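Asker: Pasting protein.csv below, which is CSV, C-alpha atoms.
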```csv
chain,number,residue,atom,x,y,z
C,1,MET,CA,1.3,20.7,-15.1
C,2,LYS,CA,0.4,21.1,-11.5
C,3,VAL,CA,3.0,20.2,-8.9
C,4,THR,CA,1.1,17.2,-7.5
C,5,ARG,CA,0.3,15.7,-10.9
C,6,ARG,CA,3.9,16.3,-12.1
C,7,ARG,CA,5.3,14.5,-9.0
C,8,GLU,CA,2.9,11.6,-9.5
C,9,ALA,CA,4.2,11.3,-13.1
C,10,MET,CA,7.8,11.6,-11.9
C,11,VAL,CA,7.4,8.7,-9.5
C,12,GLN,CA,6.2,6.6,-12.5
C,13,ALA,CA,9.0,7.8,-14.7
C,14,VAL,CA,11.6,6.8,-12.0
C,15,LEU,CA,9.9,3.4,-11.7
C,16,SER,CA,10.1,2.9,-15.5
C,17,GLY,CA,13.9,3.5,-15.4
C,18,MET,CA,14.2,7.2,-16.0
C,19,THR,CA,16.5,7.9,-13.1
C,20,GLU,CA,18.9,10.7,-14.2
C,21,VAL,CA,18.2,14.3,-13.4
C,22,ALA,CA,19.0,15.4,-17.0
C,23,ALA,CA,16.6,12.8,-18.5
C,24,LEU,CA,13.8,14.0,-16.1
C,25,CYS,CA,14.5,17.6,-17.0
C,26,GLY,CA,14.1,16.8,-20.7
C,27,HIS,CA,11.0,14.6,-20.2
C,28,PHE,CA,9.1,17.1,-18.1
C,29,GLY,CA,10.5,20.3,-19.7
C,30,ILE,CA,11.5,21.8,-16.3
C,31,SER,CA,14.7,23.0,-14.8
C,32,GLU,CA,17.3,21.0,-12.9
C,33,VAL,CA,16.4,22.9,-9.7
C,34,THR,CA,12.8,22.0,-10.0
C,35,VAL,CA,13.6,18.3,-10.7
C,36,ARG,CA,15.9,18.1,-7.7
C,37,ARG,CA,13.3,19.8,-5.5
C,38,ASP,CA,10.6,17.3,-6.6
C,39,LEU,CA,12.9,14.3,-6.1
C,40,ARG,CA,13.7,15.5,-2.5
C,41,ALA,CA,10.0,15.8,-1.8
C,42,LEU,CA,9.2,12.4,-3.2
C,43,ALA,CA,12.1,10.8,-1.2
C,44,ASP,CA,10.9,12.5,2.0
C,45,GLU,CA,7.5,10.7,1.3
C,46,GLY,CA,9.3,7.4,0.9
C,47,LEU,CA,8.2,7.0,-2.7
C,48,ILE,CA,11.7,6.9,-4.2
C,49,LEU,CA,15.3,6.8,-3.1
C,50,ARG,CA,17.7,9.8,-3.9
C,51,THR,CA,20.9,8.8,-5.5
C,52,TYR,CA,23.9,10.8,-6.7
C,53,GLY,CA,22.8,12.4,-10.0
C,54,GLY,CA,19.2,11.2,-9.8
C,55,ALA,CA,16.9,8.7,-8.1
C,56,ALA,CA,16.0,5.1,-7.9
C,57,SER,CA,12.8,3.1,-7.1
C,58,VAL,CA,12.3,2.0,-3.6
C,59,SER,CA,11.9,-1.6,-4.7
C,60,ALA,CA,12.0,-3.6,-8.0
C,61,HIS,CA,8.2,-3.5,-8.2
C,62,ALA,CA,6.0,-0.7,-7.0
C,63,PRO,CA,3.3,-1.2,-4.4
C,64,GLU,CA,-0.2,-1.3,-6.0
C,65,GLU,CA,-2.1,1.9,-5.7
C,66,SER,CA,-5.3,1.9,-3.7
C,67,LEU,CA,-8.7,2.6,-5.3
C,68,GLU,CA,-8.7,6.1,-3.7
C,69,GLN,CA,-5.3,6.9,-5.2
C,70,ARG,CA,-6.4,5.6,-8.6
C,71,SER,CA,-9.6,7.6,-8.5
C,72,HIS,CA,-7.8,10.9,-7.9
C,73,SER,CA,-4.9,10.4,-10.2
C,74,PHE,CA,-4.9,11.9,-13.8
C,75,GLN,CA,-8.7,12.2,-13.8
C,76,ALA,CA,-8.9,14.8,-16.6
C,77,GLU,CA,-6.6,12.6,-18.7
C,78,LYS,CA,-8.7,9.5,-18.0
C,79,ASP,CA,-11.9,11.4,-18.9
C,80,ALA,CA,-10.4,12.5,-22.2
C,81,ILE,CA,-9.3,9.0,-23.0
C,82,GLY,CA,-12.7,7.7,-22.2
C,83,VAL,CA,-14.4,10.1,-24.6
C,84,ALA,CA,-11.9,9.2,-27.3
C,85,ALA,CA,-12.5,5.4,-26.7
C,86,ALA,CA,-16.3,5.9,-26.8
C,87,ALA,CA,-16.0,7.2,-30.4
C,88,HIS,CA,-14.9,3.7,-31.4
C,89,VAL,CA,-18.1,2.0,-30.1
C,90,ALA,CA,-20.5,1.6,-33.0
C,91,VAL,CA,-24.2,1.0,-33.1
C,92,GLY,CA,-25.0,-2.6,-32.2
C,93,ASP,CA,-21.6,-3.3,-30.7
C,94,THR,CA,-21.0,-5.7,-27.8
C,95,VAL,CA,-18.0,-4.4,-25.9
C,96,PHE,CA,-16.0,-5.5,-22.9
C,97,LEU,CA,-14.8,-3.0,-20.3
C,98,ASP,CA,-12.0,-4.1,-18.1
C,99,ALA,CA,-11.4,-3.3,-14.4
C,100,GLY,CA,-9.9,0.0,-13.5
C,101,THR,CA,-10.7,3.7,-13.3
C,102,THR,CA,-9.8,4.6,-16.9
C,103,THR,CA,-12.3,2.1,-18.3
C,104,ALA,CA,-14.8,3.5,-15.8
C,105,ALA,CA,-14.3,6.9,-17.4
C,106,LEU,CA,-15.2,5.2,-20.7
C,107,ALA,CA,-18.4,3.9,-19.1
C,108,LYS,CA,-19.4,7.4,-18.2
C,109,ALA,CA,-18.9,8.5,-21.8
C,110,LEU,CA,-21.2,5.6,-22.9
C,111,ALA,CA,-24.0,6.3,-20.4
C,112,ASP,CA,-26.2,8.1,-22.9
C,113,ARG,CA,-26.1,5.3,-25.4
C,114,GLN,CA,-28.9,2.8,-25.8
C,115,ASP,CA,-27.8,0.8,-28.9
C,116,ILE,CA,-24.9,-1.2,-27.4
C,117,LYS,CA,-24.3,-4.0,-24.9
C,118,VAL,CA,-21.5,-3.8,-22.3
C,119,ILE,CA,-20.0,-6.8,-20.6
C,120,THR,CA,-17.6,-6.1,-17.7
C,121,ASN,CA,-15.8,-7.3,-14.7
C,122,ASN,CA,-15.7,-3.8,-13.3
C,123,LEU,CA,-18.1,-2.7,-10.5
C,124,LEU,CA,-17.3,0.9,-11.2
C,125,VAL,CA,-18.6,0.4,-14.7
C,126,VAL,CA,-21.8,-1.1,-13.4
C,127,GLN,CA,-22.2,1.9,-11.1
C,128,ALA,CA,-21.6,4.4,-13.9
C,129,LEU,CA,-24.2,2.8,-16.2
C,130,ALA,CA,-26.8,2.1,-13.5
C,131,GLY,CA,-30.1,3.8,-14.5
C,132,SER,CA,-28.9,4.3,-18.1
C,133,HIS,CA,-30.4,2.5,-21.2
C,134,VAL,CA,-27.1,0.5,-21.8
C,135,ALA,CA,-27.6,-3.2,-21.4
C,136,VAL,CA,-24.9,-4.5,-19.0
C,137,THR,CA,-23.8,-8.0,-18.0
C,138,MET,CA,-21.5,-8.3,-15.0
C,139,ILE,CA,-18.9,-11.1,-15.0
C,140,GLY,CA,-18.7,-12.8,-11.5
C,141,GLY,CA,-15.7,-13.8,-9.5
C,142,ASP,CA,-13.6,-12.7,-6.6
C,143,VAL,CA,-13.5,-8.9,-6.1
C,144,ARG,CA,-10.2,-7.0,-5.8
C,145,GLU,CA,-10.6,-3.9,-3.6
C,146,SER,CA,-7.9,-1.9,-5.3
C,147,SER,CA,-9.7,-2.0,-8.7
C,148,MET,CA,-13.3,-3.1,-7.8
C,149,GLY,CA,-12.9,-5.7,-10.5
C,150,THR,CA,-13.6,-9.4,-10.5
C,151,PHE,CA,-11.1,-12.1,-11.3
C,152,GLY,CA,-10.3,-15.8,-10.7
C,153,PRO,CA,-11.7,-19.0,-12.1
C,154,ILE,CA,-15.4,-17.9,-12.0
C,155,ALA,CA,-14.5,-14.8,-14.0
C,156,GLN,CA,-12.5,-16.9,-16.5
C,157,LEU,CA,-15.4,-19.3,-17.0
C,158,GLY,CA,-17.9,-16.4,-17.5
C,159,LEU,CA,-15.6,-14.9,-20.2
C,160,SER,CA,-15.5,-18.1,-22.1
C,161,ARG,CA,-19.3,-17.8,-22.8
C,162,PHE,CA,-19.0,-14.5,-24.6
C,163,THR,CA,-17.3,-12.9,-27.6
C,164,PHE,CA,-16.9,-9.1,-28.0
C,165,ASP,CA,-16.7,-6.8,-31.0
C,166,LYS,CA,-14.2,-4.7,-29.0
C,167,ALA,CA,-12.4,-5.0,-25.7
C,168,PHE,CA,-11.2,-2.0,-23.8
C,169,LEU,CA,-8.4,-2.8,-21.4
C,170,GLY,CA,-6.5,-0.9,-18.7
C,171,ALA,CA,-3.1,-1.9,-17.2
C,172,ASP,CA,-0.6,-1.0,-14.5
C,173,GLY,CA,1.9,-0.6,-17.3
C,174,VAL,CA,2.4,-1.2,-21.0
C,175,VAL,CA,5.8,-2.2,-22.6
C,176,PRO,CA,6.4,-2.7,-26.3
C,177,GLY,CA,7.0,-6.3,-27.2
C,178,ARG,CA,6.1,-7.5,-23.7
C,179,GLY,CA,2.5,-6.4,-23.2
C,180,LEU,CA,0.5,-5.3,-20.2
C,181,CYS,CA,1.8,-5.6,-16.6
C,182,GLU,CA,-0.3,-6.4,-13.6
C,183,ALA,CA,0.2,-7.0,-9.9
C,184,THR,CA,-1.0,-10.6,-9.9
C,185,ALA,CA,-0.9,-13.6,-12.2
C,186,GLU,CA,-4.7,-13.9,-12.0
C,187,GLN,CA,-5.2,-10.4,-13.3
C,188,ALA,CA,-2.7,-10.9,-16.1
C,189,TYR,CA,-4.3,-14.2,-17.2
C,190,LEU,CA,-7.8,-12.7,-17.1
C,191,LYS,CA,-6.7,-10.0,-19.6
C,192,GLU,CA,-5.3,-12.8,-21.8
C,193,CYS,CA,-8.8,-14.4,-21.7
C,194,ILE,CA,-10.4,-11.1,-22.6
C,195,ILE,CA,-8.1,-10.5,-25.6
C,196,ARG,CA,-8.8,-14.0,-26.9
C,197,GLN,CA,-12.5,-13.4,-27.0
C,198,ALA,CA,-12.3,-9.9,-28.7
C,199,ALA,CA,-12.3,-9.1,-32.4
C,200,GLN,CA,-10.6,-5.7,-31.7
C,201,VAL,CA,-8.5,-4.7,-28.7
C,202,PHE,CA,-8.0,-1.2,-27.3
C,203,VAL,CA,-5.6,-0.4,-24.4
C,204,LEU,CA,-6.5,2.8,-22.5
C,205,VAL,CA,-3.6,4.2,-20.3
C,206,THR,CA,-2.4,7.5,-19.1
C,207,SER,CA,1.0,8.7,-20.2
C,208,ASP,CA,2.7,7.7,-16.9
C,209,LYS,CA,2.0,4.0,-17.6
C,210,LEU,CA,3.8,3.9,-21.0
C,211,ASN,CA,6.9,1.8,-21.0
C,212,ARG,CA,6.3,1.2,-17.3
C,213,ASP,CA,7.2,-2.2,-15.8
C,214,SER,CA,6.3,-1.6,-12.2
C,215,GLN,CA,4.7,-5.1,-11.8
C,216,GLN,CA,6.0,-8.6,-12.5
C,217,HIS,CA,3.0,-10.3,-14.2
C,218,TRP,CA,2.4,-9.9,-17.9
C,219,THR,CA,-0.3,-10.2,-20.6
C,220,PRO,CA,1.1,-10.5,-24.1
C,221,VAL,CA,-1.1,-8.8,-26.8
C,222,GLU,CA,-0.8,-11.2,-29.7
C,223,LYS,CA,-3.0,-9.4,-32.1
C,224,ASN,CA,-3.2,-5.9,-33.6
C,225,TRP,CA,-4.3,-3.3,-31.0
C,226,ARG,CA,-5.0,0.4,-30.6
C,227,LEU,CA,-3.3,2.4,-27.8
C,228,ILE,CA,-5.3,5.4,-26.6
C,229,THR,CA,-3.3,7.7,-24.3
C,230,ASP,CA,-2.9,11.4,-23.4
C,231,ALA,CA,0.8,11.2,-24.4
C,232,MET,CA,1.3,13.5,-27.3
C,233,PRO,CA,3.8,13.1,-30.1
C,234,GLY,CA,7.3,13.7,-28.7
C,235,HIS,CA,6.5,12.2,-25.4
C,236,ALA,CA,9.3,9.7,-24.5
C,237,GLY,CA,6.9,7.0,-23.4
C,238,ARG,CA,4.8,7.3,-26.6
C,239,GLN,CA,7.9,7.3,-28.9
C,240,VAL,CA,8.9,3.7,-27.9
C,241,PHE,CA,5.6,2.5,-29.4
C,242,GLU,CA,5.8,4.3,-32.7
C,243,ASN,CA,7.7,1.5,-34.5
C,244,THR,CA,6.0,-1.4,-32.7
C,245,PRO,CA,4.4,-3.7,-35.2
C,246,GLY,CA,0.6,-4.1,-34.8
C,247,VAL,CA,0.1,-1.0,-32.6
C,248,THR,CA,-1.9,2.0,-33.7
C,249,ILE,CA,-1.4,5.0,-31.4
C,250,GLU,CA,-4.2,7.5,-30.8
C,251,SER,CA,-3.3,10.6,-28.7
C,252,VAL,CA,-5.9,12.7,-26.9
C,253,ASP,CA,-5.4,16.2,-25.4
C,254,ALA,CA,-6.8,16.4,-21.9
C,255,ALA,CA,-6.6,20.2,-22.0
C,256,ARG,CA,-8.9,20.4,-24.9
C,257,PRO,CA,-12.7,20.7,-24.0
```
Can you give me the file's structure in the form of structure tokens?
Answerer:
Amino acid sequence: MKVTRRREAMVQAVLSGMTEVAALCGHFGISEVTVRRDLRALADEGLILRTYGGAASVSAHAPEESLEQRSHSFQAEKDAIGVAAAAHVAVGDTVFLDAGTTTAALAKALADRQDIKVITNNLLVVQALAGSHVAVTMIGGDVRESSMGTFGPIAQLGLSRFTFDKAFLGADGVVPGRGLCEATAEQAYLKECIIRQAAQVFVLVTSDKLNRDSQQHWTPVEKNWRLITDAMPGHAGRQVFENTPGVTIESVDAARP
């Protein structure tokens, strides 16, 4: 793993409660010297606080990443997740693609299809499918710059007029038994509306978001769902989901072509 990507993942690990040097060594498979060097660099950037024996988050809830940060973070992993998710879209399906860059990667993987219908609140999805043969319906509402997704009462009303064969959701974090975390109550409630209208639910997240509770607003997932992630068996974040009722885990290898 490249240094930049490892340090991004280390910030998320600290935010999710993995604060001891020994735990970080085991999680990332690196030496204590490397962990301490990474923690010093992250503290110098103001992303974490150094403590005796480890680190702590700067605040109880992490600042929301900008769209530019999201767009350059874990892109290979997001592309692999998108390809894996696209394999679940069958001929004739009507699918919902949530806001975010991971679902935008799914849209790119669907761009050569002409036998499906996509409903979305994600302007990045519309951009990815522009000029393709995929039928797209955009849900209106207020636009959030950090995700280029719509939300609010108009979006909720629009969703109530549709049902979907499959819904593909992103999240700022996913915690067993609690659900999906988001930066605002409006985002969390919109995901609840999406889940209510979907026959099948898929959650698409990179490994750094597993068991991460960096935000304070939650969407419970009260039906069976499939988690698609780049976290492979043995990954600490993945393991906490392995015995969670109603969750099927699908791991994808971003290093594999």
Asker: Return the single residue from C:Asn224, C:Ser132, C:Gln197, C:Thr120 that is closest to Met148 (chain C), with distances computed using only C-alpha atoms.
Answerer: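 Of C:Asn224, C:Ser132, C:Gln197, C:Thr120, the one nearest Met148 (chain C), counting only C-alpha atoms, is C:Thr120.
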Asker: Could you tell me how far CA of Thr150 (chain C) sits from CA of Val126 (chain C), in Å to one decimal place?
Answerer: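 One can read the CA of Val126 (chain C) to CA of Thr150 (chain C) distance as 12.0 Å.
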Asker: Point out the residue among C:Gly140, C:Gly82, C:Pro233, C:Gly246 with the least atom-to-atom distance to Pro153 (chain C), counting all atoms listed in the file.
Answerer: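 Smallest separation from Pro153 (chain C) among the options: C:Gly140.
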Asker: Could you give me, as a ChimeraX atom specification, the residues within 9 Å of Thr102 (chain C), counting all atoms listed in the file and dropping anything in the same chain fewer than 2 positions from it?
Answerer: /C:71,75,77-79,81-82,99-100,104-107,169-170,204-206
Asker: Go through C:Arg161, C:Leu97, C:Gln215, C:Ala130 one by one, measure the shortest atom-to-atom distance of each to Lys191 (chain C) using all atoms listed in the file, and give the residue with the smallest value.
Answerer: C:Leu97
Asker: What is the CA of Ala86 (chain C)-CA of Thr219 (chain C) distance in Å, reported with one decimal?
Answerer: 23.5 Å
Asker: May I ask for the distance between CA of Asn243 (chain C) and CA of Cys181 (chain C), given in Å to one decimal place?
Answerer: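 Taking CA of Asn243 (chain C) and CA of Cys181 (chain C), their separation equals 20.1 Å.
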Asker: From the list C:Leu129, C:Ala87, C:Leu159, C:Ala171, which residue is nearest Lys108 (chain C) when using only C-alpha atoms?
Answerer: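 Using only C-alpha atoms, the shortest distance to Lys108 (chain C) belongs to C:Leu129.
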Asker: Calculated over all atoms listed in the file, which of the candidates C:Phe74, C:Tyr189, C:Phe151, C:Trp225 has the smallest distance to Asn121 (chain C)?
Answerer: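 Counting all atoms listed in the file, the residue closest to Asn121 (chain C) is C:Phe151.
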Asker: C:Val95, C:Ala199, C:Asp165, C:Gly149: which is nearest Val134 (chain C), counting all atoms listed in the file?
Answerer: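 Nearest to Val134 (chain C): C:Val95.
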Asker: So that I can check the surroundings of Arg226 (chain C), please list as JSON, numbers by chain every protein, DNA and RNA residue that reaches within 7 Å of it, counting all atoms listed in the file and ignoring chain neighbours fewer than 3 positions away.
Answerer: {"C": [201, 202, 203, 247, 248, 249]}
Asker: Step by step: start from the point (-22.7, 0.7, -35.1) in the file's coordinates, keep every protein, DNA or RNA residue that has an atom no farther than 12 Å from it, count all atoms listed in the file, and write the set as a ChimeraX atom specification.
Answerer: /C:86-95,113-117,165-166
